[in-house]
>>> print(open('work35.cif').read())   # mmCIF, C-alpha atoms and all ligand atoms
data_query
loop_
_atom_site.label_atom_id
_atom_site.label_comp_id
_atom_site.auth_asym_id
_atom_site.auth_seq_id
_atom_site.Cartn_x
_atom_site.Cartn_y
_atom_site.Cartn_z
CA MET A 1 -29.14 -18.02 -105.64
CA ASN A 2 -28.04 -15.98 -108.65
CA LYS A 3 -29.03 -12.38 -108.67
CA GLY A 4 -31.18 -11.03 -111.50
CA THR A 5 -30.77 -7.80 -113.45
CA PHE A 6 -32.10 -4.32 -112.92
CA THR A 7 -32.83 -2.12 -115.96
CA GLY A 8 -34.32 1.35 -116.25
CA VAL A 9 -36.29 1.94 -119.46
CA GLY A 10 -37.38 5.36 -120.70
CA LEU A 11 -40.72 4.78 -122.44
CA GLY A 12 -40.76 7.96 -124.49
CA PRO A 13 -43.43 10.66 -124.44
CA GLY A 14 -46.63 8.67 -124.81
CA GLU A 15 -46.91 7.13 -128.25
CA PRO A 16 -45.95 3.47 -127.78
CA GLU A 17 -43.91 3.42 -130.99
CA LEU A 18 -41.64 6.17 -129.70
CA ILE A 19 -39.81 3.79 -127.35
CA THR A 20 -36.30 2.80 -128.45
CA LEU A 21 -35.72 -0.66 -129.88
CA LYS A 22 -33.34 -1.34 -127.02
CA GLY A 23 -35.97 -0.31 -124.47
CA PHE A 24 -38.58 -2.49 -126.14
CA ARG A 25 -36.27 -5.50 -126.10
CA ALA A 26 -35.52 -4.96 -122.42
CA LEU A 27 -39.26 -5.01 -121.68
CA GLN A 28 -39.65 -8.24 -123.65
CA ALA A 29 -36.81 -9.81 -121.65
CA ALA A 30 -38.24 -8.72 -118.27
CA ASP A 31 -39.67 -11.08 -115.67
CA ILE A 32 -41.40 -8.20 -113.94
CA ILE A 33 -42.03 -4.59 -114.97
CA PHE A 34 -42.58 -1.91 -112.35
CA TYR A 35 -44.22 1.36 -113.32
CA PRO A 36 -44.74 4.52 -111.29
CA VAL A 37 -48.15 5.75 -110.22
CA SER A 38 -48.70 9.06 -108.49
CA SER A 39 -51.98 8.40 -106.78
CA LEU A 40 -54.83 6.03 -106.24
CA GLU A 41 -58.16 7.24 -107.49
CA ASN A 42 -61.37 5.32 -106.89
CA GLY A 43 -59.16 2.36 -106.08
CA GLN A 44 -57.66 2.55 -109.58
CA HIS A 45 -54.03 3.28 -110.28
CA ARG A 46 -53.63 6.24 -112.57
CA SER A 47 -50.49 6.06 -114.64
CA PHE A 48 -49.24 7.55 -117.85
CA SER A 49 -46.58 4.84 -118.04
CA ALA A 50 -49.15 2.07 -117.66
CA ASN A 51 -51.02 3.38 -120.71
CA ILE A 52 -47.84 3.23 -122.78
CA LEU A 53 -47.13 -0.31 -121.55
CA ASP A 54 -50.67 -1.32 -122.50
CA GLY A 55 -50.13 0.08 -125.99
CA LEU A 56 -46.93 -1.94 -126.37
CA GLU A 57 -48.84 -5.15 -125.62
CA ILE A 58 -46.07 -6.61 -123.53
CA ASN A 59 -47.51 -9.63 -121.82
CA LYS A 60 -45.40 -9.54 -118.69
CA PRO A 61 -46.35 -9.13 -115.07
CA CYS A 62 -46.60 -5.39 -114.40
CA GLU A 63 -46.82 -3.89 -110.93
CA PRO A 64 -47.42 -0.28 -109.88
CA LEU A 65 -45.14 1.46 -107.43
CA LEU A 66 -46.62 4.42 -105.60
CA PHE A 67 -44.63 7.63 -105.91
CA PRO A 68 -46.74 10.51 -104.62
CA MET A 69 -45.51 13.78 -106.08
CA LYS A 70 -46.15 15.85 -102.98
CA GLY A 71 -45.92 15.42 -99.26
CA LYS A 72 -43.31 15.03 -96.59
CA GLU A 73 -43.05 11.30 -96.82
CA THR A 74 -41.91 10.93 -100.42
CA GLN A 75 -38.59 9.39 -99.34
CA LYS A 76 -40.46 6.66 -97.47
CA PHE A 77 -42.26 5.74 -100.71
CA TYR A 78 -38.99 5.68 -102.69
CA ASN A 79 -37.48 3.38 -100.06
CA GLU A 80 -40.47 1.05 -100.16
CA ALA A 81 -40.46 0.98 -103.96
CA PHE A 82 -36.79 0.19 -104.00
CA LEU A 83 -37.18 -2.65 -101.50
CA ARG A 84 -39.78 -4.23 -103.77
CA ILE A 85 -37.37 -4.02 -106.73
CA LYS A 86 -34.46 -5.31 -104.64
CA ASP A 87 -36.51 -8.26 -103.48
CA GLU A 88 -37.25 -9.40 -107.05
CA TYR A 89 -33.67 -8.74 -108.13
CA GLU A 90 -32.31 -10.86 -105.28
CA ASN A 91 -34.66 -13.65 -106.28
CA GLY A 92 -32.96 -13.83 -109.66
CA LYS A 93 -35.57 -11.86 -111.62
CA ASN A 94 -34.94 -9.55 -114.57
CA VAL A 95 -36.50 -6.41 -113.17
CA VAL A 96 -37.40 -3.34 -115.22
CA LEU A 97 -38.49 0.01 -113.84
CA VAL A 98 -39.97 2.26 -116.48
CA SER A 99 -40.31 6.00 -116.67
CA GLU A 100 -42.24 8.12 -119.15
CA GLY A 101 -40.04 10.20 -121.41
CA ASP A 102 -36.43 9.91 -120.37
CA LEU A 103 -35.16 8.35 -117.14
CA PHE A 104 -33.13 11.27 -115.92
CA PHE A 105 -35.26 14.18 -117.07
CA TYR A 106 -37.48 15.28 -114.14
CA SER A 107 -38.19 11.68 -113.40
CA THR A 108 -38.82 9.78 -110.16
CA PHE A 109 -36.54 7.11 -111.59
CA GLY A 110 -33.55 9.15 -110.44
CA TYR A 111 -34.43 8.65 -106.77
CA VAL A 112 -34.69 4.89 -107.09
CA PHE A 113 -31.50 4.79 -109.12
CA LYS A 114 -29.70 6.53 -106.25
CA LEU A 115 -30.87 3.86 -103.81
CA ALA A 116 -29.76 1.09 -106.18
CA LYS A 117 -26.34 2.67 -106.41
CA GLU A 118 -26.04 2.89 -102.63
CA ALA A 119 -27.02 -0.78 -102.40
CA LYS A 120 -24.43 -1.59 -105.07
CA ILE A 121 -27.05 -3.06 -107.39
CA PRO A 122 -25.88 -2.54 -110.98
CA CYS A 123 -28.45 -0.81 -113.15
CA ARG A 124 -28.57 -0.74 -116.93
CA LEU A 125 -29.97 2.52 -118.22
CA ILE A 126 -31.91 2.84 -121.47
CA PRO A 127 -32.81 6.44 -122.23
CA GLY A 128 -36.07 7.57 -123.78
CA ILE A 129 -37.27 10.47 -125.94
CA PRO A 130 -38.24 13.29 -123.58
CA ALA A 131 -41.64 14.93 -124.10
CA PHE A 132 -40.18 18.28 -125.11
CA ILE A 133 -38.28 16.71 -128.00
CA ALA A 134 -41.46 15.00 -129.20
CA ALA A 135 -43.36 18.29 -128.77
CA SER A 136 -40.75 20.14 -130.79
CA ALA A 137 -41.52 17.92 -133.76
CA LEU A 138 -45.15 19.10 -133.57
CA GLY A 139 -44.07 22.73 -133.76
CA GLU A 140 -42.73 22.43 -137.28
CA GLN A 141 -39.91 24.73 -136.26
CA PRO A 142 -36.35 23.77 -135.27
CA LEU A 143 -35.91 23.84 -131.50
CA VAL A 144 -32.43 25.38 -131.55
CA GLU A 145 -30.11 26.36 -134.35
CA LYS A 146 -26.65 27.84 -134.80
CA THR A 147 -25.52 29.49 -131.55
CA THR A 148 -28.92 29.63 -129.81
CA GLY A 149 -29.00 28.09 -126.35
CA LEU A 150 -31.69 25.97 -124.76
CA GLU A 151 -33.01 26.58 -121.25
CA VAL A 152 -35.41 24.39 -119.37
CA MET A 153 -37.54 25.62 -116.50
CA ALA A 154 -39.80 23.48 -114.36
CA LYS A 155 -42.66 24.64 -112.14
CA PRO A 156 -42.04 28.32 -112.89
CA GLU A 157 -42.48 30.56 -109.86
CA SER A 158 -44.25 33.44 -111.59
CA PHE A 159 -44.85 35.08 -114.96
CA ASP A 160 -42.44 37.83 -113.92
CA ALA A 161 -39.69 35.25 -113.50
CA ILE A 162 -40.44 33.88 -116.96
CA SER A 163 -40.43 37.37 -118.53
CA GLU A 164 -37.07 38.04 -116.93
CA ALA A 165 -35.66 34.77 -118.28
CA LEU A 166 -37.02 35.45 -121.77
CA LYS A 167 -34.69 38.45 -122.05
CA ARG A 168 -31.97 35.92 -122.75
CA GLN A 169 -31.87 34.91 -126.39
CA SER A 170 -32.50 31.21 -125.87
CA THR A 171 -35.25 28.80 -126.67
CA PHE A 172 -37.16 28.08 -123.45
CA VAL A 173 -38.84 24.85 -122.50
CA ILE A 174 -41.26 25.16 -119.60
CA MET A 175 -42.18 21.92 -117.87
CA LYS A 176 -44.90 21.45 -115.24
CA MET A 177 -46.49 24.70 -116.37
CA SER A 178 -49.86 23.81 -114.80
CA VAL A 179 -48.60 25.27 -111.49
CA LEU A 180 -49.44 28.75 -112.89
CA ASP A 181 -52.76 30.20 -114.03
CA GLY A 182 -53.01 32.91 -116.67
CA TRP A 183 -51.09 31.50 -119.64
CA HIS A 184 -53.54 32.91 -122.15
CA SER A 185 -52.83 36.55 -121.30
CA PHE A 186 -49.13 35.95 -120.74
CA LEU A 187 -48.66 34.34 -124.15
CA LYS A 188 -50.85 36.87 -125.86
CA ASN A 189 -48.73 39.71 -124.55
CA CYS A 190 -45.20 38.30 -124.48
CA GLY A 191 -44.65 38.92 -128.18
CA ARG A 192 -42.92 35.59 -128.78
CA SER A 193 -43.81 32.64 -130.89
CA PHE A 194 -44.45 29.50 -128.89
CA LEU A 195 -45.75 26.00 -128.98
CA TYR A 196 -48.09 24.76 -126.27
CA ALA A 197 -48.43 20.98 -126.25
CA GLU A 198 -50.39 18.68 -123.97
CA ARG A 199 -50.55 14.90 -123.70
CA VAL A 200 -48.13 14.59 -126.62
CA GLY A 201 -48.29 11.23 -128.30
CA THR A 202 -51.55 10.11 -126.70
CA GLY A 203 -55.04 9.92 -128.18
CA ASN A 204 -55.81 13.19 -126.37
CA GLU A 205 -52.91 15.17 -127.79
CA PHE A 206 -53.50 18.89 -128.27
CA PHE A 207 -51.12 21.58 -129.44
CA THR A 208 -51.32 25.14 -130.61
CA SER A 209 -49.25 28.24 -131.33
CA ASN A 210 -52.25 30.52 -131.00
CA ALA A 211 -52.77 32.04 -127.52
CA ASP A 212 -56.50 32.55 -128.13
CA GLU A 213 -56.99 28.80 -128.18
CA LEU A 214 -55.88 28.72 -124.55
CA GLU A 215 -58.37 31.26 -123.26
CA PHE A 216 -60.79 28.75 -121.79
CA ARG A 217 -58.49 25.77 -121.67
CA ARG A 218 -57.69 23.99 -118.42
CA ILE A 219 -53.95 23.33 -118.43
CA PRO A 220 -53.33 19.70 -117.41
CA TYR A 221 -50.25 18.33 -115.65
CA PHE A 222 -49.03 16.68 -118.87
CA SER A 223 -48.45 19.90 -120.74
CA LEU A 224 -45.40 21.91 -121.69
CA LEU A 225 -44.46 25.05 -123.49
CA ILE A 226 -41.69 25.89 -125.93
CA VAL A 227 -41.00 29.61 -126.32
CA TYR A 228 -38.85 30.43 -129.32
CA PRO A 229 -36.27 33.23 -129.40
CA GLU A 230 -37.06 36.48 -131.18
CA ASN A 231 -36.26 36.48 -134.85
CA GLU A 232 -32.95 38.13 -135.48
N1 LIG A 301 -39.36 12.26 -117.82
C1 LIG A 301 -40.28 13.11 -118.56
C2 LIG A 301 -40.66 14.35 -117.78
C3 LIG A 301 -41.44 14.04 -116.51
S1 LIG A 301 -41.84 15.46 -115.56
C4 LIG A 301 -39.65 13.47 -119.91
O1 LIG A 301 -38.54 13.02 -120.19
O2 LIG A 301 -40.27 14.18 -120.70
C5 LIG A 301 -43.51 15.70 -115.99
C6 LIG A 301 -43.68 16.90 -116.92
O3 LIG A 301 -43.21 16.53 -118.21
C7 LIG A 301 -45.11 17.35 -117.12
O4 LIG A 301 -45.52 18.28 -116.14
C8 LIG A 301 -45.05 17.99 -118.49
O5 LIG A 301 -44.53 19.30 -118.42
C9 LIG A 301 -44.03 17.12 -119.20
N2 LIG A 301 -44.60 16.02 -120.00
C10 LIG A 301 -44.33 14.73 -119.85
N3 LIG A 301 -44.97 13.99 -120.78
C11 LIG A 301 -45.67 14.85 -121.53
C12 LIG A 301 -46.51 14.73 -122.69
N4 LIG A 301 -46.76 13.53 -123.23
N5 LIG A 301 -47.04 15.86 -123.22
C13 LIG A 301 -46.77 17.07 -122.71
N6 LIG A 301 -45.98 17.25 -121.61
C14 LIG A 301 -45.43 16.17 -121.04
#
>>> encode(input="work35.cif", output="structure tokens")
Amino acid sequence: MNKGTFTGVGLGPGEPELITLKGFRALQAADIIFYPVSSLENGQHRSFSANILDGLEINKPCEPLLFPMKGKETQKFYNEAFLRIKDEYENGKNVVLVSEGDLFFYSTFGYVFKLAKEAKIPCRLIPGIPAFIAASALGEQPLVEKTTGLEVMAKPESFDAISEALKRQSTFVIMKMSVLDGWHSFLKNCGRSFLYAERVGTGNEFFTSNADELEFRRIPYFSLLIVYPENE
């Protein structure tokens, strides 16, 4: 039996139209599309990627793969997910695994990709627009210019660690910021301009450059921060 194909597609940050044309065509050519879910809630799969797929109106079989974000057994879930993909691939199917944003930017896709490589299954990779790039467009301010560097932090340890990093004259992107509490007072006092953006590209998008608007706001998982360098 002929083998199928395996393609990774970055879906972009949330707005269905922000997928690449190449990614969209790969979805249309798929026999089965797998998407990651992080948990099961009330028996329902919660998934950011599934919402994007719904918006694209791709009428293809879609199946969730469970990738819990925490816990000791994450590798077991990656292995199981990969076996499911491998099974379809070996049955001659065009298999797509999607990822929100880009495939290789803090994405679970990377773990599955590693397993595919070990199993010598070729994988076509179609990148996507990462959320911070989409957020930057909301800020109405260039992300980096001239000789300014760009630093990305994820799950920052503490506000002290961030203050220390901010001494460097770079633009900072902070991913997974919901691990810390107290952003309102930090941003009010850090003396830097910033953009806070949550659920970029979805119907529930919210963004602001005013710390006061964060005083009573619960920071969700799908939020990020861009801190701009001091004006020279
Ligand atoms: N692969 C994704 C990143 C996944 S890691 C990408 O390329 O962008 C998950 C983190 O990404 C979240 O904690 C949040 O910081 C950020 N993120 C992803 N999508 C987002 C969105 N639509 N709006 C705001 N932040 C988002």
>>> closest_residue(input="work35.cif", among="A:Phe172, A:Phe48, A:Phe113, A:Phe77", to="ligand LIG 301 (chain A)", atoms="all atoms listed in the file")
A:Phe48
>>> residues_around(input="work35.cif", residues="range 2-11 of chain A", least_positions_apart="6", cutoff="6 Å", atoms="only C-alpha atoms", output="PyMOL selection string")
chain A and resi 19+23+89-90+92-103+123-128
>>> closest_residue(input="work35.cif", among="A:Pro122, A:Pro220, A:Gly149, A:Pro68", to="ligand LIG 301 (chain A)", atoms="only C-alpha atoms and all ligand atoms")
A:Pro220
>>> atom_distance(input="work35.cif", atom1="CA of Pro130 in chain A", atom2="CA of Glu88 in chain A")
28.1 Å
>>> atom_distance(input="work35.cif", atom1="CA of Lys120 in chain A", atom2="CA of Ile32 in chain A")
20.3 Å
>>> closest_atom_pairs(input="work35.cif", of="chain A", to="ligand LIG 301 (chain A)", cutoff="8 Å", atoms="all atoms listed in the file", output="Markdown table")
| residue | atom | partner | partner_atom | distance |
| --- | --- | --- | --- | --- |
| A:Gly10 | CA | A:LIG301 | N1 | 7.7 |
| A:Gly12 | CA | A:LIG301 | O1 | 7.0 |
| A:Pro13 | CA | A:LIG301 | N4 | 4.6 |
| A:Gly14 | CA | A:LIG301 | N4 | 5.1 |
| A:Ser99 | CA | A:LIG301 | N1 | 6.4 |
| A:Glu100 | CA | A:LIG301 | N1 | 5.2 |
| A:Gly101 | CA | A:LIG301 | O1 | 3.4 |
| A:Asp102 | CA | A:LIG301 | O1 | 3.8 |
| A:Leu103 | CA | A:LIG301 | N1 | 5.8 |
| A:Phe104 | CA | A:LIG301 | N1 | 6.6 |
| A:Phe105 | CA | A:LIG301 | N1 | 4.6 |
| A:Tyr106 | CA | A:LIG301 | S1 | 4.6 |
| A:Ser107 | CA | A:LIG301 | N1 | 4.6 |
| A:Gly128 | CA | A:LIG301 | O1 | 7.0 |
| A:Ile129 | CA | A:LIG301 | O1 | 6.4 |
| A:Pro130 | CA | A:LIG301 | O1 | 3.4 |
| A:Ala131 | CA | A:LIG301 | O2 | 3.7 |
| A:Phe132 | CA | A:LIG301 | O2 | 6.0 |
| A:Ile133 | CA | A:LIG301 | O2 | 8.0 |
| A:Ala135 | CA | A:LIG301 | C13 | 7.1 |
| A:Ala154 | CA | A:LIG301 | O5 | 7.5 |
| A:Ile174 | CA | A:LIG301 | O5 | 6.8 |
| A:Met175 | CA | A:LIG301 | O5 | 3.6 |
| A:Lys176 | CA | A:LIG301 | O4 | 3.4 |
| A:Met177 | CA | A:LIG301 | O5 | 6.1 |
| A:Ser178 | CA | A:LIG301 | O4 | 7.2 |
| A:Ala197 | CA | A:LIG301 | C13 | 5.5 |
| A:Glu198 | CA | A:LIG301 | C13 | 4.2 |
| A:Arg199 | CA | A:LIG301 | N5 | 3.7 |
| A:Val200 | CA | A:LIG301 | N5 | 3.8 |
| A:Gly201 | CA | A:LIG301 | N4 | 5.8 |
| A:Thr202 | CA | A:LIG301 | N4 | 6.8 |
| A:Glu205 | CA | A:LIG301 | N5 | 7.5 |
| A:Tyr221 | CA | A:LIG301 | O4 | 4.8 |
| A:Phe222 | CA | A:LIG301 | N6 | 4.1 |
| A:Ser223 | CA | A:LIG301 | N6 | 3.7 |
| A:Leu224 | CA | A:LIG301 | O5 | 4.3 |
| A:Leu225 | CA | A:LIG301 | O5 | 7.7 |
>>> residues_around(input="work35.cif", residues="Asn79 in chain A", least_positions_apart="4", cutoff="10 Å", atoms="all atoms listed in the file", output="number ranges by chain")
A: 74-75, 83-85, 111-112, 115
>>> residues_around(input="work35.cif", residues="range 53-55 of chain A", least_positions_apart="3", cutoff="9 Å", atoms="only C-alpha atoms", output="short mmCIF file (atom, residue, chain, number, x, y, z; two decimals) with C-alpha atoms, in the frame of the given file")
data_model
loop_
_atom_site.label_atom_id
_atom_site.label_comp_id
_atom_site.auth_asym_id
_atom_site.auth_seq_id
_atom_site.Cartn_x
_atom_site.Cartn_y
_atom_site.Cartn_z
CA LEU A 11 -40.72 4.78 -122.44
CA GLU A 15 -46.91 7.13 -128.25
CA PRO A 16 -45.95 3.47 -127.78
CA GLU A 17 -43.91 3.42 -130.99
CA TYR A 35 -44.22 1.36 -113.32
CA PHE A 48 -49.24 7.55 -117.85
CA SER A 49 -46.58 4.84 -118.04
CA ALA A 50 -49.15 2.07 -117.66
CA ILE A 58 -46.07 -6.61 -123.53
CA ASN A 59 -47.51 -9.63 -121.82
CA CYS A 62 -46.60 -5.39 -114.40
#
>>> closest_residue(input="work35.cif", among="A:Leu150, A:Cys190, A:Val37, A:Ile52", to="Ala81 in chain A", atoms="all atoms listed in the file")
A:Val37
>>> atom_distance(input="work35.cif", atom1="CA of Lys70 in chain A", atom2="CA of Asp160 in chain A")
24.8 Å
>>> closest_residue(input="work35.cif", among="A:Phe82, A:Val152, A:Arg192, A:Ser136", to="Lys114 in chain A", atoms="only C-alpha atoms")
A:Phe82
>>> residues_around(input="work35.cif", residues="Lys188 in chain A", least_positions_apart="2", cutoff="12 Å", atoms="only C-alpha atoms", output="ChimeraX atom specification")
/A:182-186,190-194,209-215
>>> closest_residue(input="work35.cif", among="A:Leu66, A:Ile219, A:Met1, A:Leu195", to="Ala137 in chain A", atoms="all atoms listed in the file")
A:Leu195
>>> closest_residue(input="work35.cif", among="A:Ile121, A:Lys22, A:Pro64, A:Leu56", to="Pro36 in chain A", atoms="all atoms listed in the file")
A:Pro64
>>> decode(input="work35.cif", residues="range 76-90 of chain A", atoms="N, CA, C and O atoms", output="CSV table (one decimal), in the first residue's frame")
chain,number,residue,atom,x,y,z
A,76,LYS,N,3.9,10.6,26.9
A,76,LYS,CA,3.0,9.5,26.5
A,76,LYS,C,1.9,10.0,25.6
A,76,LYS,O,1.6,9.3,24.6
A,77,PHE,N,1.4,11.2,25.8
A,77,PHE,CA,0.4,11.8,24.9
A,77,PHE,C,0.9,12.1,23.6
A,77,PHE,O,0.3,11.9,22.5
A,78,TYR,N,2.2,12.6,23.5
A,78,TYR,CA,2.8,12.9,22.2
A,78,TYR,C,2.9,11.6,21.4
A,78,TYR,O,2.6,11.6,20.2
A,79,ASN,N,3.4,10.6,22.1
A,79,ASN,CA,3.6,9.3,21.4
A,79,ASN,C,2.3,8.7,20.9
A,79,ASN,O,2.2,8.3,19.8
A,80,GLU,N,1.2,8.8,21.7
A,80,GLU,CA,-0.1,8.3,21.3
A,80,GLU,C,-0.6,9.2,20.1
A,80,GLU,O,-1.1,8.6,19.1
A,81,ALA,N,-0.4,10.5,20.1
A,81,ALA,CA,-0.9,11.3,19.0
A,81,ALA,C,-0.1,11.0,17.8
A,81,ALA,O,-0.7,10.8,16.7
A,82,PHE,N,1.2,10.8,17.9
A,82,PHE,CA,2.0,10.4,16.7
A,82,PHE,C,1.5,9.1,16.1
A,82,PHE,O,1.4,9.0,14.9
A,83,LEU,N,1.2,8.1,17.0
A,83,LEU,CA,0.8,6.8,16.5
A,83,LEU,C,-0.5,6.9,15.6
A,83,LEU,O,-0.6,6.2,14.6
A,84,ARG,N,-1.3,7.8,16.1
A,84,ARG,CA,-2.6,8.0,15.4
A,84,ARG,C,-2.3,8.6,14.0
A,84,ARG,O,-2.9,8.2,13.0
A,85,ILE,N,-1.4,9.6,13.9
A,85,ILE,CA,-1.0,10.2,12.7
A,85,ILE,C,-0.3,9.2,11.7
A,85,ILE,O,-0.7,9.1,10.6
A,86,LYS,N,0.6,8.4,12.3
A,86,LYS,CA,1.3,7.4,11.6
A,86,LYS,C,0.4,6.4,11.0
A,86,LYS,O,0.6,5.9,9.8
A,87,ASP,N,-0.6,6.0,11.7
A,87,ASP,CA,-1.5,5.0,11.3
A,87,ASP,C,-2.2,5.5,10.0
A,87,ASP,O,-2.3,4.7,9.0
A,88,GLU,N,-2.7,6.7,10.0
A,88,GLU,CA,-3.4,7.3,8.8
A,88,GLU,C,-2.4,7.4,7.7
A,88,GLU,O,-2.8,7.1,6.5
A,89,TYR,N,-1.2,7.9,8.0
A,89,TYR,CA,-0.2,8.0,6.9
A,89,TYR,C,0.1,6.7,6.3
A,89,TYR,O,0.2,6.6,5.0
A,90,GLU,N,0.2,5.7,7.1
A,90,GLU,CA,0.6,4.3,6.5
A,90,GLU,C,-0.6,3.7,5.7
A,90,GLU,O,-0.4,2.8,4.9
